[in-house]
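Shown next, in structure tokens, is the structure this report addresses.
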Amino acid sequence: MTGESQTLGLHAAKLGKRFSSKGGDVQALEDVNLEVQQGGFMSIIGPSGCGKSTLLRAFSDLVEPSIGEISVNGKMPAEARAAREFGVVFQSPNLLPWRTVLRNVTLPLQVMGVDRPTRNQTAHEMLELVGLGSFARHHPWQLSGGMQQRVAIARALSTNPSVLLMDEPFGALDEITRDRLNLELMRIWGQLSATILFITHSITEAVFLSSQIAVMSSRPGRITELIDVNLPYPRNAETRDMPEFYELVIEVRRALVEASAIAS
Amino acid sequence: MTGESQTLGLHAAKLGKRFSSKGGDVQALEDVNLEVQQGGFMSIIGPSGCGKSTLLRAFSDLVEPSIGEISVNGKMPAEARAAREFGVVFQSPNLLPWRTVLRNVTLPLQVMGVDRPTRNQTAHEMLELVGLGSFARHHPWQLSGGMQQRVAIARALSTNPSVLLMDEPFGALDEITRDRLNLELMRIWGQLSATILFITHSITEAVFLSSQIAVMSSRPGRITELIDVNLPYPRNAETRDMPEFYELVIEVRRALVEASAIAS
Amino acid sequence: MSKTDLGSEPVLSEEFENAYNPIGERLRAGIRQILVAILLLVIAATLWELAKLITGTGDRTMPHVWDILSFLGSTTSQNENYTWFLVKNAWSTAKASLIGLLVGTAFGLTTGISISRSKLVGNGLMPLIVAAQAVPIVAIAPALVLWLGTGGVTKTVITTYLTFFPVTVATARGIQSVPQESHELLRTYGASKRTSLRILEIPFASPLIFVGLETAAAFSVVGAIVAELPFGSKEGLGVVILTSWQFYITEPRALYCVALTSCVLGAIFVLSVRLIAYFALGPRSQGEVL
Amino acid sequence: GSSDDSGSADGGPDKIKLTLQWVTQAQFAGYHAALDQGFYADENLEVTIQPGGPDINPIQLLISGDSDIVIQPFGVVLTSREAGADVVSMGQVFERGAYRLVYFDDLDIGGVPDWAGKTIGLWGGFEPKVSAAFGKFGMNVDADANIFSQGWDMVAFLDGQLDLASAMTYNEYAQALAGNESDREILMWDPNEEGTATLEDSLVTTESWLAANPDIAERFIRATARGWIHCRDNPESCIEIVLANGTALPRDFQTWQMNEVNKLLWPSTNGLFNLTDGMYQETADILYNYGVIESPASKDSFDMSHRDRALRSEKMPEGDLYGNNFKPMDLDPRELFG
Amino acid sequence: MTTEDVAVIKNTESGGRGRNLPIGVVLTPTIFFASFLTIWELAVRLGDVQVLMLPAPSVIWSMFVEDFGLLVELAINTGIEAGKGVLIGSLIAIGLAGLVHGIQWLNQGLLSYSSTVKALPVVALYPVMTIFFGVTSKAVVAMVAVGVAPIMFTFASRGFSGTSEHDDLMRSISANWRIRMTALVLPRALPYVMAGLRTAVPLSIIISIISEYFGGSVSTLGAYIRRESTMLHTVQVWSAIVMACLLGVLVFVAVSLLDRYFLRWHASRREI
Ligand SMILES: Nc1ncnc2c1ncn2[C@@H]1O[C@H](COP(=O)(O)OP(=O)(O)OP(=O)(O)O)[C@@H](O)[C@H]1O
Ligand SMILES: Nc1ncnc2c1ncn2[C@@H]1O[C@H](COP(=O)(O)OP(=O)(O)OP(=O)(O)O)[C@@H](O)[C@H]1O
Ligand SMILES: [Mg+2]
Ligand SMILES: [Mg+2]
């Protein structure tokens with residue numbers, strides 16, 4: 001499809017998506033060109049309703065693009081999904097209410113046919129990672145919103161996927177927990193050398209984490225600016241104190257303001 | 001119950017709430033004392049799972065406290081609810097899937113018996129306010145996460161309540177939309193002189209909006225610090241550039257770090 | 001509150017705005033459904049003939065499909081066209097079914113709502129209803145005849161009795177499935193029980209209630225037929241079934257014909273309910289119920 | 001009672017509701033004929049005939065006052081009396097019983113002793129005839145045979161699930177003949193010959209109704225007798241009447257049934273509708289000996305006085321209550337049911 | 001919950017999780033039932049109703065006690081027939097619904113079809129069943145299965161046709177058919193299946209009794225009721241009816257317990 005099936009990472013070319021309904025048609029994506037190299041960390045930022053989730057869902061084969069080309073690790077999204085190459089964190093926690101927290105985390109491992117002791121152990125490790133070790137036997141409705149989202153993150157990480165698609169994973173978390181998980185994510189990313197597509201509303205978070213930031217405008221949803229983040233790795237608490245960090249934050253904010261202006 | 005039934009605003013004294021379940025008991029709230037004067041704007045900030053939502057739900061009579069006293073405008077929460085004195089924005093959008101966006105917003109007015117033309121007009125105004133005027137006839141599942149949350153905000157504002165209980169209302173929004181809605185909220189608050197209890201994870205948002213900030217620690221959830229925000233009103237874009245603003249942000253962050261340290 | 005009581009707005013049609021499926025499309029879907037049903041009937045007939053062929057079953061046990069159908073063209077001993085004769089009897093049964101279905105639905109909805117609303121009613125009434133449900137209708141029918149006579153009242157009572165239960169269970173279950181979050185939402189508005197019934201519980205439970213109604217519609221036909229049995233009324237499918245059963249050996253096709261007629265009548269009832277559901281709800285995803 | 005030919009108090013005809021044992025068929029031709037031919041009207045009676053069905057006990061309708069007269073086996077009168085109902089027979093319609101057990105000839109059943117170990121289909125209410133037969137040969141029905149509750153059709157018998165099946169000569173027997181596709185012959189065991197028959201169709205009412213309406217009873221019996229006599233003499237007419245009143249009944253079957261039913265009444269040994277002490281005693285003994293009733297029956301269970309008055313009166317136009325010249329039609333079942 | 005006109009937040013059919021649960025569950029129906037019986041008893045006694053018309057509850061009760069052993073034996077036979085029928089019917093129906101779910105046209109077609117079969121009255125179908133299975137308890141079981149299957153199919157297929165955001169999840173992890181069924185589709189359909197069982201199980205008892213009534217093994221409730229009613233043994237008939245009711249309640253309670261167990265995660269079970 002892409003002609004360059006050897007290329008790893010994420011690719012989209014001239015991607016468009018139109019939703020039609022009685023209330024009127026919505027051009028959610030238009031002419032989106034995107035390339036995340038293997039091992040790259042791309043953040044997407046943009047006004048509410050601009051099409052970020054739609055883009056991510058197109059990569060995870062949950063939305064059929066109306067037009068354009070798209071590939072994940074050189075495969076079509078459907079193939080990549082079948083090969084279990086990616087993990088997805090949805091915008092809502094999306095937990096199965098009838099399963100305990102632990103069994104929600106083990107679900108993708110179960111799908112892969114991992115035996116029970118191994119998957120339970122992995123799940124416990126992941127829950128410790130997100131600070132929910134003692135809630136393994138609770139049901140989702142017994143958790144706070146932020147805790148549910150952390151379970152969803154643990155679930156996505158449990159399979160060590162080579163591509164991670166994350167839709168506002170830390171949106172429901174307080175800044176301290178968020179900072180901690182940002183550091184964890186950096187560490188995991190370093191270890192796995194995964195390709196990450198990351199949607200966020202926090203400019204500082206985007207700058208702190210990404211190697212590149214895409215800024216989107218809405219209706220039609222397109223990428224208005226691509227900002228490279230040339231901060232040194234490994235990033236840690238001190239990264240936030242660097243002057244380049246602030247310059248980048250200001251630049252992204254400007255781009256976002258401009259993108260938002262297009263919208264309304 | 002409180003003995004001081006003339007007092008308006010929100011009061012809680014020695015409030016405690018314990019959830020028990022198979023996975024173990026959780027002390028969600030312990031010895032919480034809180035007072036928001038009539039027309040006051042109190043933000044609550046704290047680590048994920050510390051009991052913020054539980055506290056707000058106790059005020060809105062959705063959770064029965066295990067111990068302690070609580071009042072809304074001098075009444076017991078149940079009475080205040082029956083008198084329709086408060087509007088609630090939940091942590092999740094909580095829209096009825098079979099109703100259009102417009103009819104989700106008119107819902108509370110319909111319950112109150114407002115005639116159809118009036119409530120439709122009010123709902124349209126509210127939708128314009130949150131930037132969703134053209135989505136009135138869509139269904140909730142056709143909206144992005146942030147858009148759904150904005151519908152929920154429009155719904156809560158539509159009744160002009162004297163008490164507003166808001167659980168991370170802007171959590172799913174980008175910074176630009178968020179800033180705009182922050183200003184709108186300030187304006188509405190000024191007009192209505194409503195009492196607002198506001199849960200947020202954003203320290204800057206808390207400082208920008210509140211007259212007072214309560215910082216909570218988790219397990220057991222208690223209020224560790226109360227910080228007065230003595231920035232002048234009306235607050236606007238310039239407020240964010242004041243040095244006092246940054247001092248307050250740093251103070252709240254410190255309090256939050258301390259509270260989080262207690263947690264783990 | 002007074003402005004918004006139940007009468008002031010049509011509950012269903014407005015509650016469900018079908019944004020995603022215009023009427024034309026729904027109509028087409030309905031027609032497709034009927035076509036598929038016909039196709040399945042043809043398949044069933046083929047299977048019947050195949051089974052007959054393979055097992056070598058005689059015509060007495062399994063008459064040929066065409067033989068059964070051709071019997072519809074015969075005349076009765078009263079020189080009446082057999083099809084017309086069946087239609088006449090089906091009509092008489094249909095009237096009784098409809099009355100019973102309406103009464104049973106009204107009772108069922110009321111009871112279902114009360115059960116889901118009040119612990120007292122739920123706990124006190126449910127076991128009784130269940131016990132009553134287990135009363136074998138054939139055993140109680142004679143007693144009913146004694147008290148209510150051999151007229152239409154008995155028929156209505158029996159039909160009501162059969163239809164009432166599925167509606168009750170579905171209504172109660174549907175309302176109980178309303179998510180806690182939605183209840184909380186209406187609670188914060190201080191919505192009265194009646195308002196939240198109208199705005200939240202009924203709309204939410206409707207898909208399940210309609211499933212129950214479909215079952216009830218089928219049962220209403222069964223009920224009317226059973227009610228025709230105890231005293232050999234002169235009219236109705238029940239009587240025809242009885243006679244055809246008795247003379248099965250000499251004319252097996254008659255029993256199959258009348259059994260098919262009962263099915264068709266039941267199907268008309270059920271499909272009518274489904275049609276109403278279709279236009280009231282649209283193809284709204286039933287999964288939203290949970 | 002009131003004087004002859006008088007109607008009810010307001011001058012109109014007296015109303016009677018008659019409930020049959022089963023749906024309309026030639027078994028009840030006499031009553032339909034009496035209604036259709038105006039015999040009831042001649043007696044100033046307005047009779048409503050209510051067909052029965054599988055799921056109603058007519059005796060209960062009597063007790064509840066829903067019906068005035070019902071058609072039931074005389075045995076039921078005895079069991080009902082024991083259960084506390086004040087029911088009474090005022091005329092025995094079928095002098096002979098139609099109940100048989102049928103079986104195929106290849107079963108080599110010579111007599112009752114051969115029933116041991118066989119599967120027998122029985123209907124509720126008719127077991128005593130078979131129990132009594134078992135008892136006569138020192139056997140026990142429950143211990144020595146497999147008893148099945150039989151449906152209304154003969155398929156189970158024809159398919160070999162039942163060795164012996166219950167059958168009425170006017171109904172199931174014909175079905176068995178009609179449905180028999182094998183070249184085996186169907187044989188019958190007749191409890192009348194064994195002396196273990198119990199009396200079948202009887203005119204049943206309550207003692208209290210009878211006491212209050214002796215005159216109406218008399219007129220009813222007379223008109224009904226004329227109906228049955230009409231059917232004896234004009235079977236074709238009665239078949240038409242039955243078909244007109246029934247629901248899609250097959251004509252060939254009603255022809256057969258009319259003929260068989262006539263054989264149960266005619267020729268009559270003791271006179272139409274008569275229930276003699278001897279007949280009573282045989283049924284009463286069987287029911288008592290086989291535990292169907294727990295205490296001996298009493299002769300209060302039948303009252304022939306109205307029957308006697310009704311039929312001996314000069315008002316009975318056609319006087320042949322014996323039908324000694326009766327000749328049944330000669331029907332070949334194979335031909336009849338094709 | 002102080003104000004009366006406020007929507008009830010917690011609503012469960014047989015009580016919530018509170019500690020007062022067993023008392024409420026047992027006491028309320030007992031009171032309802034006791035008053036029902038008292039009215040009946042008084043009506044019969046004061047109205048001087050004949051035993052043959054309607055026996056008083058006390059009379060029925062003593063007969064029930066006297067014949068208890070026999071009645072239990074009959075009820076067990078009937079219950080086994082009904083149980084087998086429900087099992088076979090439900091398995092076929094749920095299996096079929098599961099197989100065709102997603103195949104929209106086939107599903108819809110089978111739905112129409114099942115509604116047709118659902119309208120088949122026992123009395124019309126039973127003769128056909130006896131033709132295939134003989135006048136045996138097999139025919140009764142088949143009858144129950146045929147009666148139960150369409151109901152279960154309707155409910156199950158509605159349950160299976162549900163969609164939610166969880167479908168996205170399953171798709172994103174490329175779950176195979178088996179796991180999608182066990183981890184998502186079946187649990188999501190479970191409330192529907194349980195609602196179906198609540199209708200189907202009491203119905204199965206009625207169907208088997210009606211079938212037995214029209215012929216079959218003699219030692220079942222239906223055959224017993226028929227036999228005794230021809231002899232006008234009204235009290236025996238009523239005591240058998242009482243046994244039938246008990247059987248119905250028993251199986252319903254069993255279904256309810258299953259329901260509680262399987263749906264313990266469900267919204268209506270939550271603590272406030
Ligand atoms: N299933 C759908 N049907 C119709 N319209 C849809 C559908 N899904 C999304 N849309 C529309 O597409 C647009 C983009 O939605 P999307 O969810 O991608 O936004 P987003 O950028 O993720 O917003 P947010 O930050 O609020 O989550 C919105 O205008 C939305 O209304
Ligand atoms: N219904 C419930 N049953 C049992 N435990 C509960 C229930 N609701 C909340 N909890 C527990 O109470 C604690 C506080 O929950 P709460 O929702 O108030 O947190 P929060 O401060 O709002 O967190 P977040 O910022 O993540 O939304 C958590 O540990 C949670 O597990
Ligand atoms: Mg989104
Ligand atoms: Mg919360």
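Simple scheme: letters A, B, ... for chains in structure tokens order, numbers from 1 for residues in each chain, numbers from 1 for ligands in the order shown.
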
- Could you name the residues that touch Glu181 (chain D) at 10 Å or less, counting only C-alpha atoms, but leaving out those on the same chain fewer than 4 positions away, as a PyMOL selection string? (chain C and resi 60) or (chain D and resi 158+176-177)

Hey, can you spit out that residue selection with C-alpha atoms as a compact mmCIF listing (two decimals), in the first residue's frame?
# COMPACT_ATOMS: atom_id res chain seq x y z
CA ARG C 60 -48.66 -40.00 8.16
CA LEU D 158 -49.89 -47.71 15.52
CA ALA D 176 -56.71 -47.30 14.43
CA LEU D 177 -58.35 -49.12 11.56

Mind checking which residues fall within 9 Å of Val77 (chain D), counting only C-alpha atoms, ignoring those fewer than 2 positions away in the same chain, and posting them as a PDB file with all heavy atoms, in the first residue's frame?
ATOM      1  N   ILE D  59     -69.104 -31.968  35.757  1.00  0.00           N
ATOM      2  CA  ILE D  59     -69.745 -32.084  37.068  1.00  0.00           C
ATOM      3  C   ILE D  59     -69.588 -30.776  37.852  1.00  0.00           C
ATOM      4  O   ILE D  59     -70.487 -30.312  38.545  1.00  0.00           O
ATOM      5  CB  ILE D  59     -69.131 -33.250  37.874  1.00  0.00           C
ATOM      6  CG1 ILE D  59     -69.353 -34.587  37.144  1.00  0.00           C
ATOM      7  CG2 ILE D  59     -69.712 -33.297  39.265  1.00  0.00           C
ATOM      8  CD1 ILE D  59     -70.766 -35.092  37.167  1.00  0.00           C
ATOM      9  N   GLN D  72     -72.249 -37.441  31.199  1.00  0.00           N
ATOM     10  CA  GLN D  72     -71.058 -37.994  31.824  1.00  0.00           C
ATOM     11  C   GLN D  72     -71.238 -39.501  31.994  1.00  0.00           C
ATOM     12  O   GLN D  72     -72.362 -39.992  32.072  1.00  0.00           O
ATOM     13  CB  GLN D  72     -70.863 -37.376  33.221  1.00  0.00           C
ATOM     14  CG  GLN D  72     -70.298 -35.975  33.205  1.00  0.00           C
ATOM     15  CD  GLN D  72     -68.814 -35.964  32.907  1.00  0.00           C
ATOM     16  OE1 GLN D  72     -68.000 -36.256  33.752  1.00  0.00           O
ATOM     17  NE2 GLN D  72     -68.470 -35.651  31.662  1.00  0.00           N
ATOM     18  N   PRO D  73     -70.124 -40.240  32.072  1.00  0.00           N
ATOM     19  CA  PRO D  73     -70.255 -41.670  32.363  1.00  0.00           C
ATOM     20  C   PRO D  73     -70.894 -41.863  33.738  1.00  0.00           C
ATOM     21  O   PRO D  73     -70.678 -41.040  34.645  1.00  0.00           O
ATOM     22  CB  PRO D  73     -68.811 -42.166  32.366  1.00  0.00           C
ATOM     23  CG  PRO D  73     -68.025 -41.137  31.639  1.00  0.00           C
ATOM     24  CD  PRO D  73     -68.733 -39.850  31.849  1.00  0.00           C
ATOM     25  N   PHE D  74     -71.613 -42.963  33.875  1.00  0.00           N
ATOM     26  CA  PHE D  74     -72.269 -43.191  35.154  1.00  0.00           C
ATOM     27  C   PHE D  74     -71.239 -43.383  36.265  1.00  0.00           C
ATOM     28  O   PHE D  74     -71.454 -43.003  37.407  1.00  0.00           O
ATOM     29  CB  PHE D  74     -73.219 -44.393  35.060  1.00  0.00           C
ATOM     30  CG  PHE D  74     -73.934 -44.673  36.342  1.00  0.00           C
ATOM     31  CD1 PHE D  74     -74.824 -43.733  36.868  1.00  0.00           C
ATOM     32  CD2 PHE D  74     -73.708 -45.854  37.049  1.00  0.00           C
ATOM     33  CE1 PHE D  74     -75.479 -43.969  38.063  1.00  0.00           C
ATOM     34  CE2 PHE D  74     -74.367 -46.093  38.249  1.00  0.00           C
ATOM     35  CZ  PHE D  74     -75.250 -45.155  38.758  1.00  0.00           C
ATOM     36  N   GLY D  75     -70.100 -43.952  35.917  1.00  0.00           N
ATOM     37  CA  GLY D  75     -69.036 -44.110  36.924  1.00  0.00           C
ATOM     38  C   GLY D  75     -68.653 -42.785  37.552  1.00  0.00           C
ATOM     39  O   GLY D  75     -68.384 -42.707  38.754  1.00  0.00           O
ATOM     40  N   THR D  79     -68.195 -41.624  41.546  1.00  0.00           N
ATOM     41  CA  THR D  79     -67.012 -41.012  42.171  1.00  0.00           C
ATOM     42  C   THR D  79     -67.342 -39.608  42.649  1.00  0.00           C
ATOM     43  O   THR D  79     -66.896 -39.185  43.711  1.00  0.00           O
ATOM     44  CB  THR D  79     -65.834 -40.959  41.185  1.00  0.00           C
ATOM     45  OG1 THR D  79     -66.258 -40.347  39.969  1.00  0.00           O
ATOM     46  CG2 THR D  79     -65.290 -42.333  40.894  1.00  0.00           C
ATOM     47  N   SER D  80     -68.150 -38.885  41.887  1.00  0.00           N
ATOM     48  CA  SER D  80     -68.467 -37.522  42.279  1.00  0.00           C
ATOM     49  C   SER D  80     -69.316 -37.502  43.545  1.00  0.00           C
ATOM     50  O   SER D  80     -69.164 -36.637  44.402  1.00  0.00           O
ATOM     51  CB  SER D  80     -69.219 -36.792  41.168  1.00  0.00           C
ATOM     52  OG  SER D  80     -68.464 -36.802  39.992  1.00  0.00           O
ATOM     53  N   ARG D  81     -70.192 -38.458  43.643  1.00  0.00           N
ATOM     54  CA  ARG D  81     -71.018 -38.515  44.856  1.00  0.00           C
ATOM     55  C   ARG D  81     -70.129 -38.757  46.067  1.00  0.00           C
ATOM     56  O   ARG D  81     -70.331 -38.180  47.133  1.00  0.00           O
ATOM     57  CB  ARG D  81     -72.076 -39.617  44.739  1.00  0.00           C
ATOM     58  CG  ARG D  81     -73.225 -39.256  43.844  1.00  0.00           C
ATOM     59  CD  ARG D  81     -74.262 -40.353  43.800  1.00  0.00           C
ATOM     60  NE  ARG D  81     -74.963 -40.529  45.071  1.00  0.00           N
ATOM     61  CZ  ARG D  81     -76.056 -39.842  45.409  1.00  0.00           C
ATOM     62  NH1 ARG D  81     -76.565 -38.967  44.560  1.00  0.00           N
ATOM     63  NH2 ARG D  81     -76.652 -40.034  46.568  1.00  0.00           N
ATOM     64  N   GLU D  82     -69.161 -39.638  45.862  1.00  0.00           N
ATOM     65  CA  GLU D  82     -68.279 -39.885  47.004  1.00  0.00           C
ATOM     66  C   GLU D  82     -67.499 -38.629  47.358  1.00  0.00           C
ATOM     67  O   GLU D  82     -67.196 -38.364  48.518  1.00  0.00           O
ATOM     68  CB  GLU D  82     -67.317 -41.026  46.711  1.00  0.00           C
ATOM     69  CG  GLU D  82     -66.589 -41.428  47.989  1.00  0.00           C
ATOM     70  CD  GLU D  82     -65.660 -42.593  47.758  1.00  0.00           C
ATOM     71  OE1 GLU D  82     -64.768 -42.481  46.892  1.00  0.00           O
ATOM     72  OE2 GLU D  82     -65.845 -43.604  48.423  1.00  0.00           O
ATOM     73  N   ALA D  85     -70.576 -34.509  45.831  1.00  0.00           N
ATOM     74  CA  ALA D  85     -71.513 -33.830  44.938  1.00  0.00           C
ATOM     75  C   ALA D  85     -72.846 -34.565  44.939  1.00  0.00           C
ATOM     76  O   ALA D  85     -72.881 -35.791  44.889  1.00  0.00           O
ATOM     77  CB  ALA D  85     -70.924 -33.789  43.526  1.00  0.00           C
ATOM     78  N   ASP D  86     -73.953 -33.821  44.953  1.00  0.00           N
ATOM     79  CA  ASP D  86     -75.271 -34.478  45.009  1.00  0.00           C
ATOM     80  C   ASP D  86     -75.782 -34.756  43.603  1.00  0.00           C
ATOM     81  O   ASP D  86     -76.885 -34.401  43.244  1.00  0.00           O
ATOM     82  CB  ASP D  86     -76.254 -33.613  45.795  1.00  0.00           C
ATOM     83  CG  ASP D  86     -76.608 -32.317  45.057  1.00  0.00           C
ATOM     84  OD1 ASP D  86     -75.727 -31.837  44.293  1.00  0.00           O
ATOM     85  OD2 ASP D  86     -77.725 -31.813  45.227  1.00  0.00           O
ATOM     86  N   VAL D  87     -74.916 -35.411  42.812  1.00  0.00           N
ATOM     87  CA  VAL D  87     -75.316 -35.642  41.424  1.00  0.00           C
ATOM     88  C   VAL D  87     -76.034 -36.977  41.278  1.00  0.00           C
ATOM     89  O   VAL D  87     -75.847 -37.885  42.089  1.00  0.00           O
ATOM     90  CB  VAL D  87     -74.102 -35.611  40.474  1.00  0.00           C
ATOM     91  CG1 VAL D  87     -73.543 -34.213  40.406  1.00  0.00           C
ATOM     92  CG2 VAL D  87     -73.045 -36.593  40.920  1.00  0.00           C
ATOM     93  N   VAL D  88     -76.821 -37.033  40.237  1.00  0.00           N
ATOM     94  CA  VAL D  88     -77.654 -38.212  40.077  1.00  0.00           C
ATOM     95  C   VAL D  88     -77.909 -38.423  38.581  1.00  0.00           C
ATOM     96  O   VAL D  88     -77.942 -37.470  37.817  1.00  0.00           O
ATOM     97  CB  VAL D  88     -78.985 -38.021  40.858  1.00  0.00           C
ATOM     98  CG1 VAL D  88     -79.707 -36.765  40.406  1.00  0.00           C
ATOM     99  CG2 VAL D  88     -79.887 -39.218  40.746  1.00  0.00           C
ATOM    100  N   SER D  89     -78.020 -39.685  38.192  1.00  0.00           N
ATOM    101  CA  SER D  89     -78.350 -39.962  36.798  1.00  0.00           C
ATOM    102  C   SER D  89     -79.850 -40.092  36.664  1.00  0.00           C
ATOM    103  O   SER D  89     -80.496 -40.781  37.443  1.00  0.00           O
ATOM    104  CB  SER D  89     -77.678 -41.260  36.340  1.00  0.00           C
ATOM    105  OG  SER D  89     -78.280 -41.696  35.137  1.00  0.00           O
ATOM    106  N   SER D 202     -74.397 -40.927  30.433  1.00  0.00           N
ATOM    107  CA  SER D 202     -75.592 -40.897  31.242  1.00  0.00           C
ATOM    108  C   SER D 202     -76.091 -39.460  31.284  1.00  0.00           C
ATOM    109  O   SER D 202     -75.309 -38.517  31.104  1.00  0.00           O
ATOM    110  CB  SER D 202     -75.211 -41.351  32.658  1.00  0.00           C
ATOM    111  OG  SER D 202     -76.223 -42.080  33.258  1.00  0.00           O
ATOM    112  N   VAL D 204     -76.949 -36.623  33.468  1.00  0.00           N
ATOM    113  CA  VAL D 204     -76.626 -36.368  34.870  1.00  0.00           C
ATOM    114  C   VAL D 204     -77.090 -34.977  35.274  1.00  0.00           C
ATOM    115  O   VAL D 204     -76.927 -34.007  34.533  1.00  0.00           O
ATOM    116  CB  VAL D 204     -75.111 -36.494  35.098  1.00  0.00           C
ATOM    117  CG1 VAL D 204     -74.766 -36.246  36.563  1.00  0.00           C
ATOM    118  CG2 VAL D 204     -74.616 -37.848  34.660  1.00  0.00           C
ATOM    119  N   SER D 301     -77.904 -42.893  43.573  1.00  0.00           N
ATOM    120  CA  SER D 301     -77.139 -42.303  42.481  1.00  0.00           C
ATOM    121  C   SER D 301     -77.902 -42.325  41.166  1.00  0.00           C
ATOM    122  O   SER D 301     -77.454 -41.743  40.205  1.00  0.00           O
ATOM    123  CB  SER D 301     -75.812 -43.059  42.335  1.00  0.00           C
ATOM    124  OG  SER D 301     -76.089 -44.431  42.160  1.00  0.00           O
ATOM    125  N   PHE D 302     -78.995 -42.990  41.102  1.00  0.00           N
ATOM    126  CA  PHE D 302     -79.813 -42.904  39.894  1.00  0.00           C
ATOM    127  C   PHE D 302     -81.281 -42.876  40.259  1.00  0.00           C
ATOM    128  O   PHE D 302     -81.703 -43.409  41.268  1.00  0.00           O
ATOM    129  CB  PHE D 302     -79.482 -44.036  38.915  1.00  0.00           C
ATOM    130  CG  PHE D 302     -79.853 -45.412  39.406  1.00  0.00           C
ATOM    131  CD1 PHE D 302     -80.949 -46.067  38.870  1.00  0.00           C
ATOM    132  CD2 PHE D 302     -79.105 -46.057  40.398  1.00  0.00           C
ATOM    133  CE1 PHE D 302     -81.294 -47.344  39.309  1.00  0.00           C
ATOM    134  CE2 PHE D 302     -79.456 -47.321  40.832  1.00  0.00           C
ATOM    135  CZ  PHE D 302     -80.547 -47.965  40.298  1.00  0.00           C
TER     136      PHE D 302
END

With a distance cut-off of 9 Å and only C-alpha atoms, select the neighbouring residues of region 9-25 of chain D, excluding the residue or stretch itself and same-chain residues fewer than 5 positions from it, and output the selection as a short mmCIF file (atom, residue, chain, number, x, y, z; two decimals) with C-alpha atoms, in the first residue's frame.
data_model
loop_
_atom_site.label_atom_id
_atom_site.label_comp_id
_atom_site.auth_asym_id
_atom_site.auth_seq_id
_atom_site.Cartn_x
_atom_site.Cartn_y
_atom_site.Cartn_z
CA PHE C 231 -65.12 -25.79 26.75
CA GLY C 232 -65.28 -26.61 23.10
CA SER C 233 -66.20 -23.20 21.84
CA LYS C 234 -67.62 -23.23 18.35
CA VAL C 239 -61.19 -25.87 18.65
CA LEU C 242 -58.60 -30.19 19.00
CA THR C 243 -60.62 -31.59 16.13
CA TYR D 31 -79.31 -33.99 21.60
CA HIS D 32 -78.46 -32.01 18.53
CA ALA D 41 -89.32 -26.67 21.40
CA GLU D 43 -91.84 -29.50 24.98
CA ASN D 44 -91.54 -25.77 25.49
CA LEU D 45 -87.86 -26.03 26.36
CA GLU D 46 -85.12 -23.72 25.27
CA VAL D 47 -82.01 -25.89 25.37
CA THR D 48 -78.50 -24.52 24.96
CA ILE D 49 -75.94 -27.16 24.08
CA GLN D 50 -72.48 -26.37 25.40
CA PRO D 51 -69.77 -28.58 23.91
CA GLY D 52 -67.20 -29.98 26.31
CA GLY D 53 -63.47 -30.16 25.90
CA PRO D 54 -60.34 -31.76 27.26
CA ILE D 56 -63.33 -29.06 31.89
CA ASN D 57 -65.11 -31.24 34.39
CA PRO D 58 -68.82 -30.92 33.58
CA LEU D 61 -70.33 -26.90 36.02
CA LEU D 62 -73.37 -28.69 37.44
CA ASP D 66 -73.51 -23.08 35.23
CA SER D 67 -75.20 -26.10 33.67
CA ASP D 68 -78.44 -27.90 34.46
CA ILE D 69 -77.76 -31.23 32.84
CA VAL D 70 -74.48 -32.79 31.70
CA ILE D 71 -73.50 -35.91 29.79
CA GLN D 72 -71.06 -37.99 31.82
CA PRO D 73 -70.26 -41.67 32.36
CA ASP D 201 -72.86 -41.77 28.79
CA ILE D 216 -88.81 -29.98 33.16
CA PHE D 220 -86.31 -32.97 28.59
CA ILE D 239 -74.91 -36.81 10.49
CA VAL D 242 -73.78 -32.89 13.64
CA LEU D 243 -71.62 -31.63 10.82
CA ASN D 245 -72.91 -27.87 14.48
CA GLY D 246 -69.32 -29.02 14.66
CA THR D 247 -66.05 -27.47 13.65
CA LEU D 249 -65.54 -32.49 11.27
CA GLN D 254 -69.09 -38.93 11.69
CA GLN D 257 -69.42 -42.73 14.66
CA MET D 258 -73.18 -42.32 14.18
#
